[in-house]
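Chemist: I'd like to ask some things about the structure below.
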Amino acid sequence: MKRIETVEEMTRITRHLQRSGKTVGLVPTMGFLHEGHLALAAAARSENDVVIMSLFVNPAQFGPGEDYESYPRDLERDAALAEGAGVDYLFHPAAEDMYPQDGGIRILPGPQADVLCGASRPGHFDGVLKVICKLFNLTQPDRAYFGEKDAQQLAIIETFVRDFNFPIEIRRVPIVRDEDGLAKSSRNVRLTNEQREAAPAIRRALEDGETAFRETGNPEAALSAVRRQLSKIPGAETDYAELLEYPSLAAAGEKTEEVIIAAAVRFGGVRLIDNVLIPVKEAAACSK
Ligand SMILES: Nc1ncnc2c1ncn2[C@@H]1O[C@H](COP(=O)(O)OP(=O)(O)OP(=O)(O)O)[C@@H](O)[C@H]1O
Ligand SMILES: CC(C)(CO)[C@@H](O)C(=O)[O-]
Ligand code: BAL
């Protein structure tokens with residue numbers, strides 16, 4: 001595996017890869033790798049000649065007072081894990097190299113970014129789209145891999161690629177969980193023992209919502225089941241819990257084919273997200 005530290009070198013290698021005619025899979029991450037990231041890398045490995053993983057804690061997607069500084073980082077550990085996962089190029093630029101000047105162009109996502117994490121973290125998805133646009137241009141991938149844990153991000157990136165005609169296939173990867181059901185997340189290491197013990201209840205709350213939705217087909221009943229369970233988690237504060245159409249993230253209606261029940265929960269300064277995706281046809285079938 002080759003490490004690439006600068007935008008200039010990444011550009012040079014991309015030109016070379018383009019001439020070689022090899023297919024390229026891109027796995028964008030913020031590092032502190034876990035099995036969720038490795039599942040993205042495995043999918044990329046199985047579908048492409050070359051795998052590029054980016055590892056960049058993107059300042060543009062963090063708001064004032066958020067955890068940019070305290071976000072976990074460990075480059076050497078990440079490099080060993082990426083190499084073990086069959087990554088060919090690990091791109092880990094410095095922030096000053098990615099953003100040599102302040103200001104510049106802003107990318108403004110549409111209504112999909114007005115809800116859920118977009119409502120709690122104003123400007124977050126502007127920053128995600130900016131870095132994704134840069135990474136797509138810098139690596140020119142055939143395919144790019146994103147996890148369903150960040151389902152809103154995935155939906156917005158799919159729209160971005162369609163709207164701006166990027167010749168890139170976006171590949172969705174299912175959520176990888178710990179044995180007790182907690183979704184793998186780099187931020188899990190920042191939980192205290194008590195918080196870590198309580199955190200799998202987020203998943204159970206979403207499952208209760210899924211069961212209620214499958215049994216009743218009623219979004220309000222499902223959502224109140226989720227909110228009730230979330231409110232009982234010791235030491236946790238619900239940031240949001242919502243049921244929406246997926247991937248439009250509009251209110252669910254008559255023609256909805258799939259819904260998402262998504263939640264964000266804060267344990268002190270650690271904010272975790274999780275979701276379930278439910279095909280509406282299946283839910284209707286269950287309730288009959
Ligand atoms: N448990 C998971 N299962 C599947 N994909 C995941 C999982 N966790 C993260 N990913 C995906 O990995 C990519 C990089 O995510 P990121 O580096 O932010 O990791 P993270 O663990 O989500 O970190 P955070 O602490 O910010 O939640 C994203 O596409 C994200 O959806
Ligand atoms: C996609 C991403 C790498 C962009 O910084 C980040 O939002 C993440 O890790 O999900
Ligand atoms: N996986 C989402 C990145 C963030 O929390 O900023």
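Naming works like this for the structure tokens: A, B, ... for the chains as they're shown, residue 1 at the start of each chain, ligands 1 onward in shown order.
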Name the residues in contact with Glu258 (chain A) at a cut-off of 8 Å, using only C-alpha atoms, excluding same-chain residues fewer than 6 positions from it; report them as a list in words.

Modeler: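 Those residues are Glu245, Tyr246, Pro247, Leu277, Ile278, Pro279 and Val280 of chain A.
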
Chemist: Go through the chains and note each residue within 9 Å of ligand 1, using only C-alpha atoms and all ligand atoms, then give the set as number ranges by chain.

Modeler: A: 27-40, 55-57, 71-72, 145-151, 153-154, 172-178, 182-189, 270-274

Chemist: Please report, as a ChimeraX atom specification, each residue of region 13-153 of chain A to which DSSP assigns strand (DSSP E or B) when run on this structure's backbone.

Modeler: /A:24-29,50-55,89-91,143-147

Chemist: Using only C-alpha atoms, pick whichever of A:Arg73, A:Arg3, A:Arg228, A:His16 has the shortest atom-to-atom distance to Arg190 (chain A).

Modeler: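 Once distances to Arg190 (chain A) are computed over only C-alpha atoms, the minimum belongs to A:Arg73.
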
Chemist: Select, from A:Gly21, A:Gly235, A:Gly217, A:Gly209, the residue with the minimum atom-to-atom distance to Ala262 (chain A), counting only C-alpha atoms.

Modeler: A:Gly209

Chemist: So how many Å separate CA of Arg204 (chain A) and CA of Ser248 (chain A), to one decimal?

Modeler: 24.9 Å

Chemist: If DSSP is run on the backbone, what residues of region 121-286 of chain A are alpha helix (DSSP H)? A reply as a ChimeraX atom specification would be ideal.

Modeler: /A:124-139,151-163,193-198,201-216,219-231,280-286

Chemist: Which residues come within 10 Å of region 160-164 of chain A, counting only C-alpha atoms, excluding same-chain residues fewer than 5 positions away, as a PyMOL selection string?

Modeler: chain A and resi 107+109-110+129+132-133+136+154-155+169-170

Chemist: Print the selection's residues with N, CA and C atoms to a file, as a PDB file, in the first residue's frame.

Modeler:
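Full text of part.pdb as output:
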ATOM      1  N   ILE A 107     -20.971  24.752  -1.634  1.00  0.00           N
ATOM      2  CA  ILE A 107     -21.950  23.910  -2.328  1.00  0.00           C
ATOM      3  C   ILE A 107     -23.163  23.794  -1.411  1.00  0.00           C
ATOM      4  N   PRO A 109     -26.562  22.091  -0.536  1.00  0.00           N
ATOM      5  CA  PRO A 109     -27.472  20.980  -0.806  1.00  0.00           C
ATOM      6  C   PRO A 109     -28.934  21.431  -0.728  1.00  0.00           C
ATOM      7  N   GLY A 110     -29.826  20.615  -1.297  1.00  0.00           N
ATOM      8  CA  GLY A 110     -31.257  20.942  -1.309  1.00  0.00           C
ATOM      9  C   GLY A 110     -31.954  20.500  -0.038  1.00  0.00           C
ATOM     10  N   LEU A 129     -20.285  17.915   1.145  1.00  0.00           N
ATOM     11  CA  LEU A 129     -20.300  17.930  -0.326  1.00  0.00           C
ATOM     12  C   LEU A 129     -19.042  18.588  -0.889  1.00  0.00           C
ATOM     13  N   ILE A 132     -16.324  15.960  -0.640  1.00  0.00           N
ATOM     14  CA  ILE A 132     -16.621  14.848  -1.559  1.00  0.00           C
ATOM     15  C   ILE A 132     -16.353  15.273  -2.998  1.00  0.00           C
ATOM     16  N   CYS A 133     -16.732  16.490  -3.335  1.00  0.00           N
ATOM     17  CA  CYS A 133     -16.478  17.009  -4.685  1.00  0.00           C
ATOM     18  C   CYS A 133     -14.970  17.035  -4.959  1.00  0.00           C
ATOM     19  N   PHE A 136     -13.689  13.420  -5.286  1.00  0.00           N
ATOM     20  CA  PHE A 136     -14.075  12.831  -6.573  1.00  0.00           C
ATOM     21  C   PHE A 136     -13.177  13.383  -7.686  1.00  0.00           C
ATOM     22  N   LEU A 154     -25.525   9.620   2.592  1.00  0.00           N
ATOM     23  CA  LEU A 154     -25.572   8.772   1.402  1.00  0.00           C
ATOM     24  C   LEU A 154     -26.630   9.282   0.427  1.00  0.00           C
ATOM     25  N   ALA A 155     -27.816   9.599   0.944  1.00  0.00           N
ATOM     26  CA  ALA A 155     -28.896  10.066   0.073  1.00  0.00           C
ATOM     27  C   ALA A 155     -28.521  11.392  -0.592  1.00  0.00           C
ATOM     28  N   GLU A 169     -20.373   5.653  -9.831  1.00  0.00           N
ATOM     29  CA  GLU A 169     -21.440   4.829  -9.268  1.00  0.00           C
ATOM     30  C   GLU A 169     -21.319   4.866  -7.740  1.00  0.00           C
ATOM     31  N   ILE A 170     -22.389   5.256  -7.069  1.00  0.00           N
ATOM     32  CA  ILE A 170     -22.369   5.275  -5.597  1.00  0.00           C
ATOM     33  C   ILE A 170     -22.863   3.925  -5.099  1.00  0.00           C
TER      34      ILE A 170
END

Chemist: Which of these, A:Ala42, A:Ala94, A:Val128, A:Ile13, has the shortest distance to ligand 3 once you count only C-alpha atoms and all ligand atoms?

Modeler: A:Val128

Chemist: Leaving out Ala241 (chain A) and any residue of its chain fewer than 2 positions from it, which residues lie within 8 Å of it when counting only C-alpha atoms, given as an MDAnalysis selection string?

Modeler: chainID A and resid 116 223 226:227 238:239 243 261:264

Chemist: Check the smallest atom-to-atom distance from each of A:His124, A:Arg203, A:Arg196, A:Lys134 to ligand 3 using only C-alpha atoms and all ligand atoms, then report the winner.

Modeler: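 Closest residue, counting only C-alpha atoms and all ligand atoms: A:His124.
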
Chemist: Hey, what's within 10 Å of Gln61 (chain A) if we count only C-alpha atoms and toss same-chain stuff fewer than 4 positions away? As a short mmCIF file (atom, residue, chain, number, x, y, z; two decimals) with C-alpha atoms, in the first residue's frame, please?

Modeler:
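Output file out_10.cif follows:
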data_model
loop_
_atom_site.label_atom_id
_atom_site.label_comp_id
_atom_site.auth_asym_id
_atom_site.auth_seq_id
_atom_site.Cartn_x
_atom_site.Cartn_y
_atom_site.Cartn_z
CA VAL A 57 -10.97 14.74 9.23
CA GLU A 66 -18.29 20.52 17.60
CA TYR A 68 -13.18 18.55 15.27
CA ARG A 121 -25.60 20.61 12.40
CA PRO A 122 -26.21 23.67 10.20
CA GLY A 123 -23.82 23.74 7.23
CA HIS A 124 -22.60 20.18 7.90
CA PHE A 125 -23.65 18.81 4.52
CA ASP A 126 -22.26 21.86 2.67
CA GLY A 127 -18.89 20.82 4.10
CA VAL A 128 -19.42 17.13 3.30
CA LEU A 129 -20.30 17.93 -0.33
CA LYS A 130 -17.32 20.23 -0.68
CA VAL A 131 -14.84 17.57 0.42
#

Chemist: Extract, using only C-alpha atoms, all DNA, RNA and protein residues at most 12 Å from Leu90 (chain A), discarding same-chain residues fewer than 4 positions from it, and format them as a PyMOL selection string.

Modeler: chain A and resi 1-6+9-10+13+26-31+41+50-56+75-76+78-86+139

Chemist: Residues of the last selection are to be written out with N, CA and C atoms, as a JSON list (two decimals), in the first residue's frame.

Modeler:
[["chain", "number", "residue", "atom", "x", "y", "z"],
["A", 1, "MET", "N", 0.85, -1.20, 0.00],
["A", 1, "MET", "CA", 0.00, 0.00, 0.00],
["A", 1, "MET", "C", 0.88, 1.25, 0.00],
["A", 2, "LYS", "N", 0.49, 2.21, -0.84],
["A", 2, "LYS", "CA", 1.27, 3.44, -0.90],
["A", 2, "LYS", "C", 0.51, 4.55, -0.16],
["A", 3, "ARG", "N", 1.26, 5.28, 0.65],
["A", 3, "ARG", "CA", 0.64, 6.42, 1.33],
["A", 3, "ARG", "C", 0.83, 7.68, 0.50],
["A", 4, "ILE", "N", -0.20, 8.48, 0.38],
["A", 4, "ILE", "CA", -0.12, 9.72, -0.38],
["A", 4, "ILE", "C", -0.48, 10.87, 0.55],
["A", 5, "GLU", "N", 0.44, 11.82, 0.68],
["A", 5, "GLU", "CA", 0.22, 12.87, 1.68],
["A", 5, "GLU", "C", -0.18, 14.21, 1.09],
["A", 6, "THR", "N", -0.05, 14.34, -0.24],
["A", 6, "THR", "CA", -0.33, 15.67, -0.81],
["A", 6, "THR", "C", -1.32, 15.58, -1.97],
["A", 9, "GLU", "N", 0.52, 14.95, -5.27],
["A", 9, "GLU", "CA", 0.88, 13.55, -5.57],
["A", 9, "GLU", "C", -0.36, 12.74, -5.93],
["A", 10, "MET", "N", -1.47, 13.01, -5.25],
["A", 10, "MET", "CA", -2.72, 12.29, -5.58],
["A", 10, "MET", "C", -3.11, 12.57, -7.02],
["A", 13, "ILE", "N", -0.89, 10.59, -9.39],
["A", 13, "ILE", "CA", -1.21, 9.15, -9.42],
["A", 13, "ILE", "C", -2.53, 8.91, -10.14],
["A", 26, "LEU", "N", -13.25, 4.27, -4.66],
["A", 26, "LEU", "CA", -12.85, 5.23, -3.62],
["A", 26, "LEU", "C", -13.64, 4.96, -2.34],
["A", 27, "VAL", "N", -12.92, 4.94, -1.22],
["A", 27, "VAL", "CA", -13.56, 4.79, 0.10],
["A", 27, "VAL", "C", -13.21, 6.03, 0.93],
["A", 28, "PRO", "N", -14.13, 7.01, 0.99],
["A", 28, "PRO", "CA", -13.83, 8.20, 1.80],
["A", 28, "PRO", "C", -14.10, 7.94, 3.28],
["A", 29, "THR", "N", -13.14, 8.29, 4.13],
["A", 29, "THR", "CA", -13.33, 8.13, 5.58],
["A", 29, "THR", "C", -12.69, 9.31, 6.32],
["A", 30, "MET", "N", -13.03, 9.38, 7.61],
["A", 30, "MET", "CA", -12.34, 10.34, 8.48],
["A", 30, "MET", "C", -11.37, 9.61, 9.40],
["A", 31, "GLY", "N", -11.10, 8.34, 9.07],
["A", 31, "GLY", "CA", -10.09, 7.60, 9.83],
["A", 31, "GLY", "C", -10.59, 7.05, 11.15],
["A", 41, "ALA", "N", -14.20, -1.02, 2.43],
["A", 41, "ALA", "CA", -12.97, -1.36, 1.70],
["A", 41, "ALA", "C", -13.09, -2.73, 1.04],
["A", 50, "VAL", "N", -8.32, -1.12, -8.53],
["A", 50, "VAL", "CA", -7.52, -0.32, -7.60],
["A", 50, "VAL", "C", -8.43, 0.26, -6.53],
["A", 51, "VAL", "N", -7.98, 0.23, -5.27],
["A", 51, "VAL", "CA", -8.76, 0.82, -4.18],
["A", 51, "VAL", "C", -7.99, 1.99, -3.57],
["A", 52, "ILE", "N", -8.65, 3.15, -3.55],
["A", 52, "ILE", "CA", -8.08, 4.32, -2.87],
["A", 52, "ILE", "C", -8.95, 4.59, -1.64],
["A", 53, "MET", "N", -8.31, 4.69, -0.48],
["A", 53, "MET", "CA", -9.05, 5.12, 0.72],
["A", 53, "MET", "C", -8.55, 6.50, 1.10],
["A", 54, "SER", "N", -9.48, 7.42, 1.35],
["A", 54, "SER", "CA", -9.05, 8.72, 1.87],
["A", 54, "SER", "C", -9.31, 8.75, 3.36],
["A", 55, "LEU", "N", -8.43, 9.44, 4.05],
["A", 55, "LEU", "CA", -8.48, 9.50, 5.50],
["A", 55, "LEU", "C", -8.23, 10.97, 5.83],
["A", 56, "PHE", "N", -9.34, 11.66, 6.13],
["A", 56, "PHE", "CA", -9.22, 13.11, 6.27],
["A", 56, "PHE", "C", -10.34, 13.60, 7.19],
["A", 75, "LEU", "N", -3.06, 7.57, 12.82],
["A", 75, "LEU", "CA", -2.66, 7.29, 11.43],
["A", 75, "LEU", "C", -1.96, 5.94, 11.27],
["A", 76, "GLU", "N", -1.08, 5.60, 12.23],
["A", 76, "GLU", "CA", -0.30, 4.35, 12.06],
["A", 76, "GLU", "C", -1.22, 3.14, 12.15],
["A", 78, "ASP", "N", -4.43, 3.11, 11.53],
["A", 78, "ASP", "CA", -5.27, 3.13, 10.33],
["A", 78, "ASP", "C", -4.53, 2.57, 9.12],
["A", 79, "ALA", "N", -3.25, 2.95, 8.98],
["A", 79, "ALA", "CA", -2.48, 2.49, 7.81],
["A", 79, "ALA", "C", -2.37, 0.97, 7.83],
["A", 80, "ALA", "N", -2.13, 0.39, 9.02],
["A", 80, "ALA", "CA", -2.00, -1.07, 9.11],
["A", 80, "ALA", "C", -3.34, -1.73, 8.75],
["A", 81, "LEU", "N", -4.44, -1.18, 9.25],
["A", 81, "LEU", "CA", -5.76, -1.77, 8.97],
["A", 81, "LEU", "C", -6.11, -1.64, 7.48],
["A", 82, "ALA", "N", -5.80, -0.49, 6.92],
["A", 82, "ALA", "CA", -6.13, -0.26, 5.49],
["A", 82, "ALA", "C", -5.33, -1.23, 4.63],
["A", 83, "GLU", "N", -4.06, -1.39, 4.96],
["A", 83, "GLU", "CA", -3.22, -2.31, 4.18],
["A", 83, "GLU", "C", -3.78, -3.74, 4.27],
["A", 84, "GLY", "N", -4.19, -4.13, 5.48],
["A", 84, "GLY", "CA", -4.76, -5.46, 5.68],
["A", 84, "GLY", "C", -6.06, -5.65, 4.90],
["A", 85, "ALA", "N", -6.75, -4.56, 4.64],
["A", 85, "ALA", "CA", -8.03, -4.64, 3.91],
["A", 85, "ALA", "C", -7.83, -4.58, 2.39],
["A", 86, "GLY", "N", -6.57, -4.51, 1.97],
["A", 86, "GLY", "CA", -6.29, -4.54, 0.54],
["A", 86, "GLY", "C", -6.35, -3.19, -0.14],
["A", 139, "THR", "N", -9.52, 11.95, -7.33],
["A", 139, "THR", "CA", -9.26, 10.51, -7.51],
["A", 139, "THR", "C", -9.99, 9.92, -8.72]]
